[in-house]
>>> print(open('query14.pdb').read())   # PDB, C-alpha atoms
ATOM      1  CA  MET J   1      -5.111   3.274  22.126
ATOM      2  CA  PHE J   2      -2.957   2.065  19.227
ATOM      3  CA  THR J   3      -2.307   4.407  16.284
ATOM      4  CA  LEU J   4      -1.409   3.083  12.833
ATOM      5  CA  ALA J   5      -0.312   5.451  10.067
ATOM      6  CA  HIS J   6      -0.993   4.382   6.480
ATOM      7  CA  LEU J   7       0.605   5.831   3.366
ATOM      8  CA  SER J   8       1.015   4.485  -0.138
ATOM      9  CA  ASP J   9       2.334   5.082  -3.651
ATOM     10  CA  ALA J  10       5.353   7.204  -2.749
ATOM     11  CA  HIS J  11       6.774   6.917  -6.292
ATOM     12  CA  LEU J  12      10.104   8.263  -5.114
ATOM     13  CA  ALA J  13      11.307  11.143  -7.246
ATOM     14  CA  PRO J  14      13.300  11.985  -9.216
ATOM     15  CA  LEU J  15      13.522   8.845 -11.308
ATOM     16  CA  PRO J  16      17.164   7.908 -11.925
ATOM     17  CA  PHE J  17      18.366   7.918 -15.519
ATOM     18  CA  PRO J  18      18.328   4.283 -16.678
ATOM     19  CA  HIS J  19      21.024   2.523 -18.651
ATOM     20  CA  LEU J  20      18.969   2.085 -21.785
ATOM     21  CA  ASP J  21      20.875  -1.029 -22.864
ATOM     22  CA  GLN J  22      20.032  -2.752 -19.552
ATOM     23  CA  ILE J  23      16.280  -2.228 -19.280
ATOM     24  CA  ARG J  24      13.240  -3.960 -20.717
ATOM     25  CA  LEU J  25      10.724  -2.482 -23.138
ATOM     26  CA  LYS J  26       8.178  -1.903 -20.366
ATOM     27  CA  GLN J  27      10.731   0.008 -18.292
ATOM     28  CA  PHE J  28      11.641   2.150 -21.300
ATOM     29  CA  ALA J  29       7.968   2.940 -21.877
ATOM     30  CA  GLY J  30       7.574   3.721 -18.182
ATOM     31  CA  TYR J  31      10.549   6.051 -18.291
ATOM     32  CA  VAL J  32       9.078   7.922 -21.257
ATOM     33  CA  ASN J  33       5.773   8.177 -19.374
ATOM     34  CA  TRP J  34       7.662   9.588 -16.383
ATOM     35  CA  LEU J  35       9.276  12.276 -18.535
ATOM     36  CA  ARG J  36       6.000  13.160 -20.237
ATOM     37  CA  SER J  37       3.668  13.289 -17.249
ATOM     38  CA  ARG J  38       4.440  11.502 -13.994
ATOM     39  CA  GLN J  39       7.414  13.675 -13.042
ATOM     40  CA  PHE J  40       5.000  16.601 -12.856
ATOM     41  CA  ILE J  41       2.715  14.696 -10.453
ATOM     42  CA  HIS J  42       5.031  12.961  -7.986
ATOM     43  CA  ARG J  43       7.120  15.472  -6.068
ATOM     44  CA  SER J  44       9.810  14.815  -3.501
ATOM     45  CA  ASP J  45       8.958  18.038  -1.644
ATOM     46  CA  VAL J  46       5.331  16.935  -1.282
ATOM     47  CA  LEU J  47       6.388  13.524   0.000
ATOM     48  CA  GLY J  48       8.710  15.265   2.433
ATOM     49  CA  LYS J  49       5.794  17.206   3.923
ATOM     50  CA  ILE J  50       3.744  14.019   4.293
ATOM     51  CA  THR J  51       6.508  12.043   5.978
ATOM     52  CA  ALA J  52       7.399  14.942   8.284
ATOM     53  CA  ASP J  53       3.780  15.175   9.403
ATOM     54  CA  ILE J  54       3.591  11.430  10.018
ATOM     55  CA  LYS J  55       6.635  11.647  12.256
ATOM     56  CA  ALA J  56       5.128  14.616  14.089
ATOM     57  CA  GLN J  57       1.975  12.584  14.800
ATOM     58  CA  ALA J  58       4.177   9.865  16.375
ATOM     59  CA  PRO J  59       2.115   6.785  15.421
ATOM     60  CA  ASP J  60       2.846   3.448  17.046
ATOM     61  CA  HIS J  61       3.413   1.845  13.641
ATOM     62  CA  ILE J  62       3.478   2.763   9.941
ATOM     63  CA  ALA J  63       1.998   0.734   7.068
ATOM     64  CA  MET J  64       3.234   1.342   3.517
ATOM     65  CA  THR J  65       1.057  -0.295   0.861
ATOM     66  CA  GLY J  66       3.306  -0.293  -2.159
ATOM     67  CA  ASP J  67       4.716   1.564  -5.154
ATOM     68  CA  ILE J  68       7.837   2.931  -3.569
ATOM     69  CA  ALA J  69       9.563   2.607  -6.938
ATOM     70  CA  ASN J  70       8.482   3.689 -10.414
ATOM     71  CA  ILE J  71       9.904   1.289 -13.005
ATOM     72  CA  ALA J  72      11.895  -1.097 -10.777
ATOM     73  CA  LEU J  73      15.371   0.085 -11.645
ATOM     74  CA  PRO J  74      18.008  -1.502  -9.357
ATOM     75  CA  MET J  75      18.985   1.880  -7.930
ATOM     76  CA  GLU J  76      15.349   2.551  -6.984
ATOM     77  CA  PHE J  77      15.398  -0.342  -4.520
ATOM     78  CA  ALA J  78      18.480   0.917  -2.690
ATOM     79  CA  ARG J  79      16.938   4.368  -2.451
ATOM     80  CA  GLY J  80      13.664   2.812  -1.297
ATOM     81  CA  HIS J  81      15.479   1.057   1.538
ATOM     82  CA  ASP J  82      16.923   4.349   2.725
ATOM     83  CA  TRP J  83      13.503   6.003   2.591
ATOM     84  CA  LEU J  84      11.799   3.193   4.515
ATOM     85  CA  THR J  85      14.548   3.325   7.115
ATOM     86  CA  SER J  86      14.045   7.077   7.468
ATOM     87  CA  LEU J  87      10.389   6.445   8.359
ATOM     88  CA  GLY J  88      11.392   4.468  11.419
ATOM     89  CA  GLY J  89      13.133   1.203  10.556
ATOM     90  CA  ALA J  90      11.833  -2.311  10.037
ATOM     91  CA  GLU J  91      10.395  -2.745  13.523
ATOM     92  CA  ARG J  92       8.145   0.288  13.141
ATOM     93  CA  VAL J  93       7.381   0.080   9.415
ATOM     94  CA  SER J  94       5.582  -2.719   7.563
ATOM     95  CA  ALA J  95       5.435  -2.735   3.759
ATOM     96  CA  VAL J  96       3.939  -4.642   0.853
ATOM     97  CA  PRO J  97       4.950  -4.243  -2.805
ATOM     98  CA  GLY J  98       2.931  -2.640  -5.571
ATOM     99  CA  ASN J  99       2.830  -3.146  -9.307
ATOM    100  CA  HIS J 100       5.496  -0.477  -9.921
ATOM    101  CA  ASP J 101       7.807  -2.236  -7.461
ATOM    102  CA  ILE J 102       7.405  -5.605  -9.200
ATOM    103  CA  TYR J 103       7.312  -3.968 -12.620
ATOM    104  CA  VAL J 104       9.301  -6.579 -14.549
ATOM    105  CA  PRO J 105      10.693 -10.094 -13.995
ATOM    106  CA  GLY J 106      13.560 -10.021 -11.505
ATOM    107  CA  ALA J 107      12.177  -7.087  -9.526
ATOM    108  CA  GLU J 108      10.779  -9.339  -6.798
ATOM    109  CA  ALA J 109      14.274 -10.535  -5.916
ATOM    110  CA  LEU J 110      15.510  -6.941  -5.718
ATOM    111  CA  ALA J 111      12.593  -5.984  -3.474
ATOM    112  CA  GLU J 112      13.359  -8.883  -1.163
ATOM    113  CA  LYS J 113      17.060  -8.036  -1.086
ATOM    114  CA  HIS J 114      16.581  -4.380  -0.186
ATOM    115  CA  TRP J 115      13.181  -4.278   1.533
ATOM    116  CA  GLY J 116      12.897  -7.789   2.943
ATOM    117  CA  ALA J 117      13.255  -6.665   6.560
ATOM    118  CA  PHE J 118      10.109  -4.543   6.122
ATOM    119  CA  MET J 119       8.161  -7.329   4.401
ATOM    120  CA  ARG J 120       8.595 -10.283   6.730
ATOM    121  CA  GLY J 121       6.526 -11.438   9.668
ATOM    122  CA  ASP J 122       7.516 -11.880  13.280
ATOM    123  CA  ALA J 123       8.492 -15.487  12.577
ATOM    124  CA  GLY J 124      10.532 -14.503   9.508
ATOM    125  CA  GLU J 125       7.872 -15.634   7.034
ATOM    126  CA  SER J 126       7.161 -13.997   3.687
ATOM    127  CA  PHE J 127       3.754 -13.358   2.113
ATOM    128  CA  PRO J 128       1.330 -13.583   3.641
ATOM    129  CA  TYR J 129       3.169 -12.381   6.713
ATOM    130  CA  VAL J 130       1.917 -11.464  10.180
ATOM    131  CA  ARG J 131       3.226  -8.841  12.586
ATOM    132  CA  ARG J 132       1.693  -8.430  16.028
ATOM    133  CA  ARG J 133       1.766  -4.799  17.087
ATOM    134  CA  GLY J 134      -0.250  -3.776  20.116
ATOM    135  CA  PRO J 135      -3.823  -5.084  19.739
ATOM    136  CA  ALA J 136      -3.424  -5.495  15.972
ATOM    137  CA  ALA J 137      -2.307  -8.287  13.701
ATOM    138  CA  LEU J 138      -0.883  -6.722  10.551
ATOM    139  CA  ILE J 139      -1.306  -9.173   7.668
ATOM    140  CA  GLY J 140       0.770  -8.347   4.593
ATOM    141  CA  LEU J 141      -0.288  -9.608   1.154
ATOM    142  CA  SER J 142       1.665  -9.256  -2.078
ATOM    143  CA  SER J 143      -0.391  -8.445  -5.170
ATOM    144  CA  GLY J 144       2.594  -7.192  -7.138
ATOM    145  CA  VAL J 145       3.454  -9.334 -10.157
ATOM    146  CA  PRO J 146       5.280  -8.584 -13.425
ATOM    147  CA  THR J 147       2.785  -7.742 -16.154
ATOM    148  CA  GLU J 148       2.790  -7.036 -19.867
ATOM    149  CA  LEU J 149       3.252  -3.606 -21.415
ATOM    150  CA  PHE J 150       0.353  -1.245 -20.551
ATOM    151  CA  PHE J 151      -0.888  -3.497 -17.745
ATOM    152  CA  ALA J 152      -0.815  -2.679 -14.020
ATOM    153  CA  SER J 153      -2.906  -5.550 -12.699
ATOM    154  CA  GLY J 154      -2.191  -7.556  -9.563
ATOM    155  CA  ARG J 155      -2.586 -11.150  -8.456
ATOM    156  CA  LEU J 156      -2.461 -12.984  -5.128
ATOM    157  CA  GLY J 157      -2.622 -16.585  -6.326
ATOM    158  CA  PRO J 158      -4.238 -19.647  -4.713
ATOM    159  CA  VAL J 159      -1.342 -20.504  -2.378
ATOM    160  CA  GLN J 160      -1.208 -17.051  -0.794
ATOM    161  CA  LEU J 161      -5.005 -16.885  -0.571
ATOM    162  CA  ALA J 162      -5.208 -20.261   1.161
ATOM    163  CA  LYS J 163      -2.627 -19.240   3.775
ATOM    164  CA  PHE J 164      -4.387 -15.913   4.181
ATOM    165  CA  GLY J 165      -7.652 -17.668   5.026
ATOM    166  CA  VAL J 166      -5.989 -19.752   7.714
ATOM    167  CA  ILE J 167      -4.409 -16.644   9.271
ATOM    168  CA  LEU J 168      -7.686 -14.733   9.307
ATOM    169  CA  GLY J 169      -9.456 -17.692  10.882
ATOM    170  CA  GLU J 170      -6.896 -18.097  13.645
ATOM    171  CA  PHE J 171      -6.953 -14.443  14.634
ATOM    172  CA  ARG J 172     -10.726 -14.325  14.417
ATOM    173  CA  LYS J 173     -10.883 -16.930  17.180
ATOM    174  CA  GLU J 174      -8.574 -14.781  19.303
ATOM    175  CA  GLY J 175     -10.647 -11.659  18.714
ATOM    176  CA  THR J 176      -7.598  -9.767  17.424
ATOM    177  CA  PHE J 177      -7.972  -6.543  15.422
ATOM    178  CA  ARG J 178      -6.946  -7.782  11.970
ATOM    179  CA  VAL J 179      -5.464  -5.244   9.535
ATOM    180  CA  VAL J 180      -5.003  -6.528   5.986
ATOM    181  CA  MET J 181      -2.376  -4.710   3.900
ATOM    182  CA  ILE J 182      -2.531  -4.997   0.105
ATOM    183  CA  HIS J 183      -1.617  -2.712  -2.788
ATOM    184  CA  HIS J 184      -4.466  -3.343  -5.242
ATOM    185  CA  PRO J 185      -7.964  -2.463  -4.003
ATOM    186  CA  PRO J 186     -10.616  -5.180  -3.886
ATOM    187  CA  VAL J 187     -13.149  -2.668  -5.244
ATOM    188  CA  SER J 188     -12.059  -0.295  -8.005
ATOM    189  CA  LYS J 189     -13.439   1.801 -10.847
ATOM    190  CA  SER J 190     -10.147   1.725 -12.706
ATOM    191  CA  SER J 191      -9.601  -0.071 -15.986
ATOM    192  CA  TRP J 192      -9.655  -3.869 -15.928
ATOM    193  CA  ARG J 193      -5.993  -3.715 -16.978
ATOM    194  CA  LYS J 194      -5.161  -2.217 -13.573
ATOM    195  CA  ARG J 195      -7.278  -4.357 -11.250
ATOM    196  CA  LEU J 196      -6.636  -7.319  -8.974
ATOM    197  CA  VAL J 197      -7.411 -10.305 -11.189
ATOM    198  CA  ASP J 198      -8.429 -12.626  -8.344
ATOM    199  CA  THR J 199     -10.624 -10.133  -6.528
ATOM    200  CA  ASN J 200     -13.505 -12.614  -6.321
ATOM    201  CA  GLU J 201     -11.319 -15.161  -4.563
ATOM    202  CA  LEU J 202     -10.092 -12.518  -2.108
ATOM    203  CA  MET J 203     -13.681 -11.481  -1.422
ATOM    204  CA  GLN J 204     -14.644 -15.091  -0.726
ATOM    205  CA  VAL J 205     -11.902 -15.452   1.885
ATOM    206  CA  ILE J 206     -12.954 -12.242   3.609
ATOM    207  CA  ALA J 207     -16.633 -13.212   3.443
ATOM    208  CA  GLN J 208     -15.774 -16.465   5.207
ATOM    209  CA  HIS J 209     -13.375 -15.192   7.871
ATOM    210  CA  GLY J 210     -13.845 -11.418   8.065
ATOM    211  CA  ALA J 211     -11.334  -8.747   9.079
ATOM    212  CA  GLU J 212     -11.503  -5.521  11.031
ATOM    213  CA  LEU J 213      -9.792  -3.358   8.399
ATOM    214  CA  LEU J 214      -8.305  -3.660   4.901
ATOM    215  CA  ILE J 215      -5.983  -0.903   3.672
ATOM    216  CA  HIS J 216      -4.628  -0.345   0.167
ATOM    217  CA  GLY J 217      -3.282   2.141  -2.361
ATOM    218  CA  HIS J 218      -2.955   1.908  -6.165
ATOM    219  CA  ASP J 219      -5.854   4.086  -7.336
ATOM    220  CA  HIS J 220      -4.383   7.306  -5.848
ATOM    221  CA  LEU J 221      -7.748   8.284  -4.336
ATOM    222  CA  HIS J 222      -9.471   8.579  -0.986
ATOM    223  CA  MET J 223     -11.561   5.405  -0.971
ATOM    224  CA  LEU J 224     -13.911   3.646   1.422
ATOM    225  CA  ASN J 225     -15.763   0.504   0.395
ATOM    226  CA  TRP J 226     -17.542  -2.006   2.611
ATOM    227  CA  LEU J 227     -16.902  -5.695   1.966
ATOM    228  CA  ASP J 228     -19.146  -8.541   3.060
ATOM    229  CA  GLY J 229     -17.913 -10.451   6.091
ATOM    230  CA  PRO J 230     -19.328 -13.502   7.884
ATOM    231  CA  ASN J 231     -22.731 -13.441   9.595
ATOM    232  CA  GLY J 232     -23.787 -10.095   8.170
ATOM    233  CA  THR J 233     -20.680  -8.208   9.266
ATOM    234  CA  ARG J 234     -18.920  -5.658   7.071
ATOM    235  CA  VAL J 235     -15.225  -5.022   6.489
ATOM    236  CA  PRO J 236     -14.032  -1.487   5.640
ATOM    237  CA  ALA J 237     -11.597  -1.329   2.713
ATOM    238  CA  ILE J 238      -9.800   2.017   2.786
ATOM    239  CA  GLY J 239      -7.483   3.472   0.172
ATOM    240  CA  VAL J 240      -5.268   6.550   0.296
ATOM    241  CA  PRO J 241      -3.930   8.832  -2.451
ATOM    242  CA  SER J 242      -0.328   8.857  -3.563
ATOM    243  CA  ALA J 243       1.835  10.258  -0.782
ATOM    244  CA  SER J 244       3.781  12.357  -3.315
ATOM    245  CA  ALA J 245       0.973  13.703  -5.531
ATOM    246  CA  LYS J 246       0.965  17.470  -5.857
ATOM    247  CA  PRO J 247      -2.412  19.249  -5.762
ATOM    248  CA  GLY J 248      -4.242  20.049  -8.987
ATOM    249  CA  THR J 249      -3.804  16.771 -10.833
ATOM    250  CA  ARG J 250      -6.538  14.347 -11.944
ATOM    251  CA  LYS J 251      -6.256  12.359  -8.721
ATOM    252  CA  ASP J 252      -6.447  13.386  -5.067
ATOM    253  CA  ALA J 253      -3.579  15.371  -3.575
ATOM    254  CA  ALA J 254      -1.072  13.689  -1.290
ATOM    255  CA  SER J 255      -2.587  12.386   1.949
ATOM    256  CA  TYR J 256      -2.264   9.636   4.510
ATOM    257  CA  ASN J 257      -4.483   8.102   7.174
ATOM    258  CA  LEU J 258      -4.191   7.586  10.896
ATOM    259  CA  TYR J 259      -6.193   4.695  12.360
ATOM    260  CA  ARG J 260      -6.760   5.006  16.107
ATOM    261  CA  ILE J 261      -7.712   1.582  17.400
ATOM    262  CA  ALA J 262      -9.255   1.121  20.822
ATOM    263  CA  GLY J 263     -11.662  -1.186  22.613
ATOM    264  CA  ALA J 264     -11.525  -4.907  23.232
ATOM    265  CA  PRO J 265     -12.001  -8.161  21.285
ATOM    266  CA  ARG J 266     -15.343  -8.168  19.460
ATOM    267  CA  ALA J 267     -15.924  -4.601  20.631
ATOM    268  CA  TRP J 268     -13.247  -2.716  18.700
ATOM    269  CA  ARG J 269     -13.472   0.953  17.755
ATOM    270  CA  CYS J 270     -11.470   2.564  14.970
ATOM    271  CA  GLU J 271     -11.309   6.274  14.257
ATOM    272  CA  VAL J 272      -9.918   7.240  10.835
ATOM    273  CA  ILE J 273      -8.213  10.609  10.460
ATOM    274  CA  SER J 274      -7.128  11.712   6.984
ATOM    275  CA  ARG J 275      -4.318  14.255   6.845
ATOM    276  CA  GLY J 276      -2.944  15.728   3.657
ATOM    277  CA  ILE J 277      -2.222  18.716   1.457
ATOM    278  CA  GLY J 278      -5.002  21.229   2.058
ATOM    279  CA  ALA J 279      -6.041  24.457   0.358
ATOM    280  CA  SER J 280      -3.152  26.273   2.020
ATOM    281  CA  GLY J 281      -0.624  23.942   0.438
ATOM    282  CA  GLU J 282       0.334  22.650   3.873
ATOM    283  CA  ILE J 283      -0.750  19.548   5.781
ATOM    284  CA  ASP J 284      -4.213  19.802   7.323
ATOM    285  CA  GLU J 285      -6.734  17.403   8.781
ATOM    286  CA  LEU J 286      -9.084  16.649   5.887
ATOM    287  CA  ARG J 287     -11.691  14.412   7.466
ATOM    288  CA  ARG J 288     -12.376  12.263  10.497
ATOM    289  CA  VAL J 289     -14.754   9.315  10.734
ATOM    290  CA  THR J 290     -15.417   6.503  13.192
ATOM    291  CA  LEU J 291     -15.904   3.068  11.647
ATOM    292  CA  SER J 292     -18.705   0.870  12.951
TER     293      SER J 292
END
>>> encode(input="query14.pdb", output="structure tokens")
Amino acid sequence: MFTLAHLSDAHLAPLPFPHLDQIRLKQFAGYVNWLRSRQFIHRSDVLGKITADIKAQAPDHIAMTGDIANIALPMEFARGHDWLTSLGGAERVSAVPGNHDIYVPGAEALAEKHWGAFMRGDAGESFPYVRRRGPAALIGLSSGVPTELFFASGRLGPVQLAKFGVILGEFRKEGTFRVVMIHHPPVSKSSWRKRLVDTNELMQVIAQHGAELLIHGHDHLHMLNWLDGPNGTRVPAIGVPSASAKPGTRKDAASYNLYRIAGAPRAWRCEVISRGIGASGEIDELRRVTLS
């Protein structure tokens, strides 16, 4: 059995004080939003409980689906590197960026500089990248792009989508358990300003080639949606809440998922265990389901 842990939207706190003469308007607005509301949601002590529990569960690999940073300040990327390293290092942790990581132009280069070792495939390739771990092929997609003020949308683009289709097709022939990592969900009830703009194109690729599992963050909720795959198959798309969200806010409290993968090609089994902040304020098992 192979166990994959999945967390997302760490939003590392506290947010460093920015040099106001060196930031863009969107970052200034994001900083004000942090002071007004987000600092009361995303807590370092909550994230500490989540990461400690992940380590105690001793998964074979960890997937982080974006939003390590908040407003893409340079110092956030250095701190993000240290946090990713504390989870287990680049061999045991795979990451993709979110909209808060690629918040403004220039942030992508900073993410690559500091987090590149966690966001490259086995052959050194960038997005879409592939990492073979146990029976799984982890396929990392980047939906993080700089957007205008008050937008949090994502985009994959035709080049990445075309390469993604080829990768899915190759591993489908092998019968590999394909895990797609992306920040923005393919199905969402959030505002159109926060959605993946080329969702339809992503859905078409998955409908043609299929996948065994798609995991995401972004909406800060427990989510399970079933996507159409080839020949009447279905692909589970699973989202997790923010890993630093304290209980009692509008969204779900901090949680993460464990995916226990077993079986054989074309006869895979995947058990999903959600663990997070329970009624006691400590980490509990929240739910358990077997995908079919």
>>> resolve_selection(input="query14.pdb", expression="the PyMOL selection byres ((chain J and resi 174-182) around 8)", output="PyMOL selection string")
chain J and resi 63+65-66+96+135-143+168+170-173+183-185+211-217+265-266+268
>>> resolve_selection(input="query14.pdb", expression="the PyMOL selection byres ((chain J and resi 205) around 10)", output="list in words")
Leu161, Ala162, Phe164, Gly165, Val166, Leu168, Gly169, Asn200, Glu201, Leu202, Met203, Gln204, Ile206, Ala207, Gln208, His209, Gly210, Ala211, Gly229 and Pro230 of chain J
>>> write_last_selection(input="query14.pdb", atoms="C-alpha atoms", output="PDB file, in the coordinates of the input")
ATOM      1  CA  LEU J 161      -5.005 -16.885  -0.571  1.00  0.00           C
ATOM      2  CA  ALA J 162      -5.208 -20.261   1.161  1.00  0.00           C
ATOM      3  CA  PHE J 164      -4.387 -15.913   4.181  1.00  0.00           C
ATOM      4  CA  GLY J 165      -7.652 -17.668   5.026  1.00  0.00           C
ATOM      5  CA  VAL J 166      -5.989 -19.752   7.714  1.00  0.00           C
ATOM      6  CA  LEU J 168      -7.686 -14.733   9.307  1.00  0.00           C
ATOM      7  CA  GLY J 169      -9.456 -17.692  10.882  1.00  0.00           C
ATOM      8  CA  ASN J 200     -13.505 -12.614  -6.321  1.00  0.00           C
ATOM      9  CA  GLU J 201     -11.319 -15.161  -4.563  1.00  0.00           C
ATOM     10  CA  LEU J 202     -10.092 -12.518  -2.108  1.00  0.00           C
ATOM     11  CA  MET J 203     -13.681 -11.481  -1.422  1.00  0.00           C
ATOM     12  CA  GLN J 204     -14.644 -15.091  -0.726  1.00  0.00           C
ATOM     13  CA  ILE J 206     -12.954 -12.242   3.609  1.00  0.00           C
ATOM     14  CA  ALA J 207     -16.633 -13.212   3.443  1.00  0.00           C
ATOM     15  CA  GLN J 208     -15.774 -16.465   5.207  1.00  0.00           C
ATOM     16  CA  HIS J 209     -13.375 -15.192   7.871  1.00  0.00           C
ATOM     17  CA  GLY J 210     -13.845 -11.418   8.065  1.00  0.00           C
ATOM     18  CA  ALA J 211     -11.334  -8.747   9.079  1.00  0.00           C
ATOM     19  CA  GLY J 229     -17.913 -10.451   6.091  1.00  0.00           C
ATOM     20  CA  PRO J 230     -19.328 -13.502   7.884  1.00  0.00           C
TER      21      PRO J 230
END
>>> residues_around(input="query14.pdb", residues="Val187 (chain J)", least_positions_apart="4", cutoff="9 Å", atoms="all atoms listed in the file", output="PyMOL selection string")
chain J and resi 195-196+199+225+227+237
>>> closest_atom_pairs(input="query14.pdb", of="region 9-88 of chain J", to="region 101-117 of chain J", cutoff="6 Å", atoms="only C-alpha atoms", output="JSON lines")
{"residue": "J:Asp67", "atom": "CA", "partner": "J:Asp101", "partner_atom": "CA", "distance": 5.4}
{"residue": "J:Ala69", "atom": "CA", "partner": "J:Asp101", "partner_atom": "CA", "distance": 5.2}
{"residue": "J:Ile71", "atom": "CA", "partner": "J:Tyr103", "partner_atom": "CA", "distance": 5.9}
{"residue": "J:Ala72", "atom": "CA", "partner": "J:Asp101", "partner_atom": "CA", "distance": 5.4}
{"residue": "J:His81", "atom": "CA", "partner": "J:Trp115", "partner_atom": "CA", "distance": 5.8}
>>> atom_distance(input="query14.pdb", atom1="CA of Ser190 (chain J)", atom2="CA of Val32 (chain J)")
21.9 Å
>>> closest_residue(input="query14.pdb", among="J:Met119, J:Ala10, J:Ala264, J:Leu149", to="Val46 (chain J)", atoms="all atoms listed in the file")
J:Ala10
>>> resolve_selection(input="query14.pdb", expression="the PyMOL selection byres ((chain J and resi 269) around 9)", output="PyMOL selection string")
chain J and resi 260-264+267-268+270-271+290-292
>>> residues_near_point(input="query14.pdb", point="(-10.1, 11.5, -2.8)", cutoff="10 Å", atoms="only C-alpha atoms", output="list of chain:residue names")
J:Asp219, J:His220, J:Leu221, J:His222, J:Met223, J:Leu224, J:Gly239, J:Val240, J:Pro241, J:Lys251, J:Asp252, J:Ala253, J:Ala254, J:Ser255
>>> closest_residue(input="query14.pdb", among="J:Gly248, J:Pro186, J:Gly134, J:Pro59", to="Leu156 (chain J)", atoms="all atoms listed in the file")
J:Pro186
>>> closest_residue(input="query14.pdb", among="J:Asp21, J:Asp60, J:Asp228, J:Asp53", to="Asp284 (chain J)", atoms="all atoms listed in the file")
J:Asp53
